[in-house]
$ cat structure-v6.cif   # mmCIF, C-alpha atoms
data_my_file
loop_
_atom_site.label_atom_id
_atom_site.label_comp_id
_atom_site.auth_asym_id
_atom_site.auth_seq_id
_atom_site.Cartn_x
_atom_site.Cartn_y
_atom_site.Cartn_z
CA MET A 1 87.35 -60.44 -10.38
CA LEU A 2 87.80 -56.93 -9.04
CA THR A 3 84.74 -55.77 -10.95
CA THR A 4 82.63 -58.54 -9.44
CA MET A 5 83.85 -57.83 -5.92
CA LYS A 6 83.10 -54.13 -6.36
CA PHE A 7 79.61 -55.05 -7.50
CA PHE A 8 78.96 -56.96 -4.27
CA GLN A 9 80.53 -54.18 -2.21
CA MET A 10 78.15 -51.71 -3.85
CA HIS A 11 75.30 -53.98 -2.80
CA ASN A 12 76.56 -53.89 0.77
CA GLU A 13 76.79 -50.12 0.75
CA ASN A 14 73.52 -49.36 -1.02
CA ARG A 15 71.10 -52.10 -0.05
CA CYS A 16 71.93 -52.99 3.59
CA ILE A 17 70.91 -51.24 6.77
CA THR A 18 74.03 -50.74 8.90
CA GLU A 19 72.82 -52.76 11.88
CA THR A 20 71.76 -55.66 9.66
CA LEU A 21 75.02 -55.57 7.74
CA LEU A 22 77.09 -55.84 10.90
CA HIS A 23 75.10 -58.91 11.88
CA CYS A 24 75.35 -60.66 8.52
CA LEU A 25 79.05 -60.06 7.98
CA GLU A 26 80.05 -62.78 10.43
CA PRO A 27 83.01 -64.85 9.17
CA ILE A 28 82.18 -68.02 7.26
CA THR A 29 84.43 -70.91 6.37
CA PRO A 30 85.86 -70.57 2.84
CA ASP A 31 84.86 -73.27 0.33
CA ASN A 32 87.89 -73.91 -1.84
CA GLY A 33 88.45 -76.18 -4.80
CA THR A 34 85.93 -78.09 -6.88
CA ARG A 35 82.77 -77.79 -4.83
CA THR A 36 79.11 -76.85 -5.01
CA VAL A 37 78.03 -74.32 -2.38
CA ILE A 38 74.30 -74.11 -1.67
CA PHE A 39 72.60 -71.10 -0.06
CA TRP A 40 69.09 -72.27 0.90
CA ASP A 41 66.22 -70.20 2.30
CA ALA A 42 64.70 -72.91 4.51
CA VAL A 43 61.70 -70.73 5.42
CA ASP A 44 60.34 -70.04 1.93
CA CYS A 45 61.56 -73.44 0.76
CA PRO A 46 61.32 -75.75 3.79
CA PHE A 47 63.07 -79.07 4.23
CA PRO A 48 61.00 -82.25 4.70
CA LEU A 49 59.92 -82.51 8.35
CA SER A 50 60.33 -86.28 8.19
CA PHE A 51 64.02 -86.04 7.19
CA SER A 52 67.00 -85.82 9.49
CA PRO A 53 69.67 -83.23 8.63
CA ASP A 54 71.86 -85.98 7.19
CA GLN A 55 69.01 -87.26 5.01
CA ILE A 56 68.44 -83.71 3.76
CA TYR A 57 72.13 -83.36 2.94
CA GLN A 58 72.30 -86.70 1.13
CA SER A 59 69.12 -86.03 -0.87
CA ILE A 60 70.35 -82.63 -2.07
CA GLN A 61 73.77 -84.06 -2.84
CA SER A 62 72.25 -86.91 -4.88
CA ALA A 63 70.00 -84.55 -6.88
CA LEU A 64 72.92 -82.28 -7.76
CA VAL A 65 75.23 -85.15 -8.69
CA LYS A 66 72.59 -86.39 -11.15
CA MET A 67 72.83 -82.97 -12.81
CA GLY A 68 76.58 -83.32 -13.18
CA SER A 69 77.64 -81.40 -10.09
CA SER A 70 80.53 -82.35 -7.81
CA ASP A 71 79.62 -84.61 -4.90
CA LYS A 72 81.53 -82.22 -2.64
CA ILE A 73 78.86 -79.84 -1.42
CA THR A 74 78.39 -77.31 1.37
CA ILE A 75 74.86 -76.37 2.46
CA ARG A 76 74.05 -73.14 4.30
CA ALA A 77 70.43 -73.14 5.39
CA TYR A 78 68.84 -69.86 6.53
CA VAL A 79 66.02 -70.10 9.08
CA ASN A 80 64.14 -67.64 11.28
CA ASP A 81 64.12 -69.61 14.54
CA THR A 82 67.40 -68.93 16.32
CA LYS A 83 66.61 -71.54 18.99
CA LYS A 84 67.12 -74.25 16.39
CA THR A 85 70.29 -72.85 14.88
CA SER A 86 73.98 -73.01 15.47
CA LYS A 87 77.12 -72.80 13.37
CA LYS A 88 76.63 -76.43 12.46
CA THR A 89 74.43 -79.23 13.71
CA TRP A 90 76.45 -81.87 15.49
CA ASP A 91 75.01 -84.75 13.47
CA SER A 92 75.15 -83.34 9.97
CA ARG A 93 77.14 -81.35 7.46
CA ILE A 94 74.53 -78.60 7.10
CA TYR A 95 75.20 -75.13 8.49
CA PHE A 96 71.96 -73.73 9.96
CA LEU A 97 72.15 -69.94 10.18
CA PRO A 98 69.68 -67.50 11.81
CA GLY A 99 68.31 -65.34 9.04
CA GLY A 100 65.44 -63.39 10.61
CA ASP A 101 62.55 -62.14 8.50
CA LYS A 102 62.33 -62.40 4.71
CA ALA A 103 64.32 -59.24 3.93
CA SER A 104 66.97 -60.08 6.52
CA ARG A 105 67.43 -63.56 5.08
CA ARG A 106 68.04 -62.08 1.65
CA VAL A 107 70.61 -59.67 3.04
CA ARG A 108 72.46 -62.35 4.95
CA MET A 109 72.50 -64.77 2.03
CA LEU A 110 73.94 -62.15 -0.31
CA ASN A 111 76.57 -61.03 2.15
CA ASN A 112 77.61 -64.63 2.84
CA ILE A 113 78.03 -65.07 -0.92
CA PHE A 114 80.17 -61.93 -0.92
CA LEU A 115 82.34 -63.29 1.90
CA LEU A 116 82.68 -66.65 0.14
CA LEU A 117 83.97 -64.97 -3.01
CA LYS A 118 86.24 -62.67 -1.04
CA ASP A 119 87.89 -65.57 0.79
CA SER A 120 88.05 -68.02 -2.12
CA PRO A 121 90.97 -68.07 -4.55
CA TYR A 122 90.51 -67.10 -8.17
CA LEU A 123 89.43 -70.13 -10.17
CA ASN A 124 91.59 -70.97 -13.16
CA ARG A 125 89.19 -73.13 -15.17
CA PRO A 126 85.61 -72.37 -16.24
CA TYR A 127 82.93 -73.69 -13.89
CA GLU A 128 85.38 -75.24 -11.45
CA ALA A 129 82.94 -74.41 -8.67
CA SER A 130 79.18 -74.07 -8.60
CA LEU A 131 76.87 -71.91 -6.53
CA VAL A 132 73.21 -72.82 -5.98
CA LEU A 133 70.86 -70.20 -4.55
CA VAL A 134 67.43 -71.45 -3.41
CA SER A 135 65.07 -68.56 -2.74
CA ASP A 136 62.01 -66.84 -4.19
CA GLN A 137 63.46 -63.34 -3.72
CA PHE A 138 65.81 -62.97 -6.69
CA LYS A 139 64.59 -64.17 -10.08
CA HIS A 140 62.38 -61.19 -10.90
CA ASP A 141 64.71 -58.49 -9.58
CA ALA A 142 67.02 -57.17 -12.31
CA TYR A 143 69.48 -55.78 -9.76
CA TYR A 144 70.09 -59.16 -8.14
CA ILE A 145 70.14 -61.03 -11.44
CA GLU A 146 72.90 -58.75 -12.70
CA MET A 147 74.78 -59.42 -9.47
CA LEU A 148 74.52 -63.18 -9.97
CA ARG A 149 75.54 -62.88 -13.62
CA ASN A 150 78.76 -61.24 -12.49
CA LEU A 151 79.74 -64.46 -10.71
CA LYS A 152 80.32 -66.02 -14.11
CA LEU A 153 83.23 -63.61 -14.58
CA ILE A 154 85.14 -65.44 -11.84
CA HIS A 155 84.19 -68.87 -13.15
CA TYR A 156 81.32 -69.79 -10.88
CA TYR A 157 78.50 -71.77 -12.45
CA VAL A 158 75.32 -70.35 -10.89
CA ILE A 159 71.95 -72.04 -10.51
CA LEU A 160 69.07 -70.01 -9.11
CA VAL A 161 66.25 -72.22 -7.82
CA THR A 162 62.88 -70.49 -7.41
CA PRO A 163 60.44 -72.56 -5.30
CA THR A 164 57.08 -71.97 -7.00
CA GLU A 165 53.91 -73.33 -5.40
CA ASP A 166 53.57 -76.30 -7.76
CA ILE A 167 57.06 -77.67 -7.02
CA ASN A 168 57.63 -76.44 -3.45
CA LYS A 169 56.52 -79.75 -1.91
CA PRO A 170 59.11 -80.97 0.60
CA GLU A 171 57.22 -84.15 1.49
CA SER A 172 57.06 -85.26 -2.14
CA PRO A 173 59.02 -88.47 -2.89
CA GLU A 174 60.67 -86.54 -5.75
CA TRP A 175 62.16 -83.91 -3.39
CA PRO A 176 64.47 -82.17 -4.06
CA GLY A 177 65.03 -83.42 -7.61
CA LEU A 178 61.84 -81.92 -9.02
CA LEU A 179 62.43 -78.63 -7.21
CA ILE A 180 65.96 -78.23 -8.57
CA ASP A 181 65.26 -79.62 -12.04
CA ILE A 182 62.13 -77.58 -12.76
CA GLY A 183 62.77 -74.55 -10.55
CA GLY A 184 66.45 -74.19 -11.48
CA TRP A 185 67.41 -71.36 -13.80
CA CYS A 186 70.82 -70.12 -14.90
CA PRO A 187 70.93 -66.31 -14.52
CA PHE A 188 73.34 -65.92 -17.44
CA ASN A 189 71.02 -67.80 -19.83
CA ASP A 190 67.89 -66.44 -21.44
CA GLU A 191 64.89 -66.74 -19.12
CA THR A 192 62.99 -68.67 -21.77
CA SER A 193 65.69 -71.34 -22.12
CA GLU A 194 65.29 -74.96 -21.07
CA PRO A 195 65.73 -75.92 -17.39
CA CYS A 196 69.17 -75.20 -16.01
CA SER A 197 69.80 -78.85 -15.15
CA LYS A 198 69.77 -79.74 -18.86
CA LYS A 199 72.31 -77.02 -19.57
CA TYR A 200 74.50 -78.24 -16.75
CA LYS A 201 74.84 -81.88 -17.79
CA GLY A 202 77.92 -82.52 -19.82
CA GLY A 203 79.60 -79.28 -18.68
#
$ encode --input "structure-v6.cif" --output "structure tokens"
Amino acid sequence: MLTTMKFFQMHNENRCITETLLHCLEPITPDNGTRTVIFWDAVDCPFPLSFSPDQIYQSIQSALVKMGSSDKITIRAYVNDTKKTSKKTWDSRIYFLPGGDKASRRVRMLNNIFLLLKDSPYLNRPYEASLVLVSDQFKHDAYYIEMLRNLKLIHYYVILVTPTEDINKPESPEWPGLLIDIGGWCPFNDETSEPCSKKYKGG
């Protein structure tokens, strides 16, 4: 675990501008126990405009449960319009967080992952918790992929969902199942392997 934490600390030191880092290191509520934590770039991968926050939450929860995930989920959605954000919307279980521009959203998402790991206890059984990262900024960057692979060392099952143009369709009746099923990729598996959802079912 120490190695993984050092890896994230190196990211903080080497890849963040000081002013941005101070902003994105705001405390977040720890997610303990058997749970799936979702970090979602809601700008590059928007939510359906016709859905309420609770409908969004329930749809994502249902799609992940079908894959074999826990039904206990936490969603952190990163947006660029601070007027529509707060720590948590009053009518839903989604945390909407101001993320700024594309680079700033990436920085904040990564640092929130770092804080989650820092505040969460060491997990005793393999894949007792899952982490889903929905963004188009990570899959083709070897530095970030290595960072995500290190999460396996502390027993986090990681799914990286890349919203490509053909599946990034929030108003589709198949949302978000198609997005997660086809766009999901496990960073610690070979990139040419079958979709991550098939790997996930059955443990």
$ resolve_selection --input "structure-v6.cif" --expression "the PyMOL selection byres ((chain A and resi 103-106) around 9)" --output "count of residues only"
19
$ resolve_selection --input "structure-v6.cif" --expression "the PyMOL selection byres ((chain A and resi 165) around 12)" --output "PDB file with C-alpha atoms, keeping the file's coordinate frame"
ATOM      1  CA  ASP A  44      60.340 -70.040   1.930  1.00  0.00           C
ATOM      2  CA  CYS A  45      61.560 -73.440   0.760  1.00  0.00           C
ATOM      3  CA  ASP A 136      62.010 -66.840  -4.190  1.00  0.00           C
ATOM      4  CA  THR A 162      62.880 -70.490  -7.410  1.00  0.00           C
ATOM      5  CA  PRO A 163      60.440 -72.560  -5.300  1.00  0.00           C
ATOM      6  CA  THR A 164      57.080 -71.970  -7.000  1.00  0.00           C
ATOM      7  CA  ASP A 166      53.570 -76.300  -7.760  1.00  0.00           C
ATOM      8  CA  ILE A 167      57.060 -77.670  -7.020  1.00  0.00           C
ATOM      9  CA  ASN A 168      57.630 -76.440  -3.450  1.00  0.00           C
ATOM     10  CA  LYS A 169      56.520 -79.750  -1.910  1.00  0.00           C
ATOM     11  CA  PRO A 170      59.110 -80.970   0.600  1.00  0.00           C
ATOM     12  CA  LEU A 179      62.430 -78.630  -7.210  1.00  0.00           C
ATOM     13  CA  ILE A 182      62.130 -77.580 -12.760  1.00  0.00           C
ATOM     14  CA  GLY A 183      62.770 -74.550 -10.550  1.00  0.00           C
TER      15      GLY A 183
END
$ residues_around --input "structure-v6.cif" --residues "Pro53 (chain A)" --least-positions-apart "2" --cutoff "7 Å" --atoms "all atoms listed in the file" --output "JSON, numbers by chain"
{"A": [51, 55, 56, 57, 92, 94]}
$ atom_distance --input "structure-v6.cif" --atom1 "CA of Asp181 (chain A)" --atom2 "CA of Pro46 (chain A)"
16.8 Å
$ closest_residue --input "structure-v6.cif" --among "A:Ser62, A:Trp185, A:Ala77, A:Leu160" --to "Val43 (chain A)" --atoms "only C-alpha atoms"
A:Ala77
$ closest_residue --input "structure-v6.cif" --among "A:Leu49, A:Leu148, A:Leu133, A:Ile75" --to "Leu97 (chain A)" --atoms "all atoms listed in the file"
A:Ile75
$ residues_around --input "structure-v6.cif" --residues "Pro176 (chain A)" --least-positions-apart "2" --cutoff "8 Å" --atoms "only C-alpha atoms" --output "PyMOL selection string"
chain A and resi 59-60+63+170+174+178-180
$ write_last_selection --input "structure-v6.cif" --atoms "C-alpha atoms" --output "short mmCIF file (atom, residue, chain, number, x, y, z; two decimals), in the coordinates of the input"
data_model
loop_
_atom_site.label_atom_id
_atom_site.label_comp_id
_atom_site.auth_asym_id
_atom_site.auth_seq_id
_atom_site.Cartn_x
_atom_site.Cartn_y
_atom_site.Cartn_z
CA SER A 59 69.12 -86.03 -0.87
CA ILE A 60 70.35 -82.63 -2.07
CA ALA A 63 70.00 -84.55 -6.88
CA PRO A 170 59.11 -80.97 0.60
CA GLU A 174 60.67 -86.54 -5.75
CA LEU A 178 61.84 -81.92 -9.02
CA LEU A 179 62.43 -78.63 -7.21
CA ILE A 180 65.96 -78.23 -8.57
#
$ residues_around --input "structure-v6.cif" --residues "Arg149 (chain A)" --least-positions-apart "2" --cutoff "10 Å" --atoms "all atoms listed in the file" --output "ChimeraX atom specification"
/A:4,144-147,151-153,156-158,186-189
$ atom_distance --input "structure-v6.cif" --atom1 "CA of Thr36 (chain A)" --atom2 "CA of Ala129 (chain A)"
5.8 Å
$ closest_residue --input "structure-v6.cif" --among "A:Ser50, A:Gly184, A:Ser70, A:Arg93" --to "Val161 (chain A)" --atoms "all atoms listed in the file"
A:Gly184
$ resolve_selection --input "structure-v6.cif" --expression "the PyMOL selection byres ((chain A and resi 39) around 6)" --output "number ranges by chain"
A: 38, 40, 76, 133
$ closest_residue --input "structure-v6.cif" --among "A:Ile159, A:Leu131, A:Ala42, A:Ile154" --to "Thr74 (chain A)" --atoms "all atoms listed in the file"
A:Leu131
$ atom_distance --input "structure-v6.cif" --atom1 "CA of Asn112 (chain A)" --atom2 "CA of Leu64 (chain A)"
21.1 Å
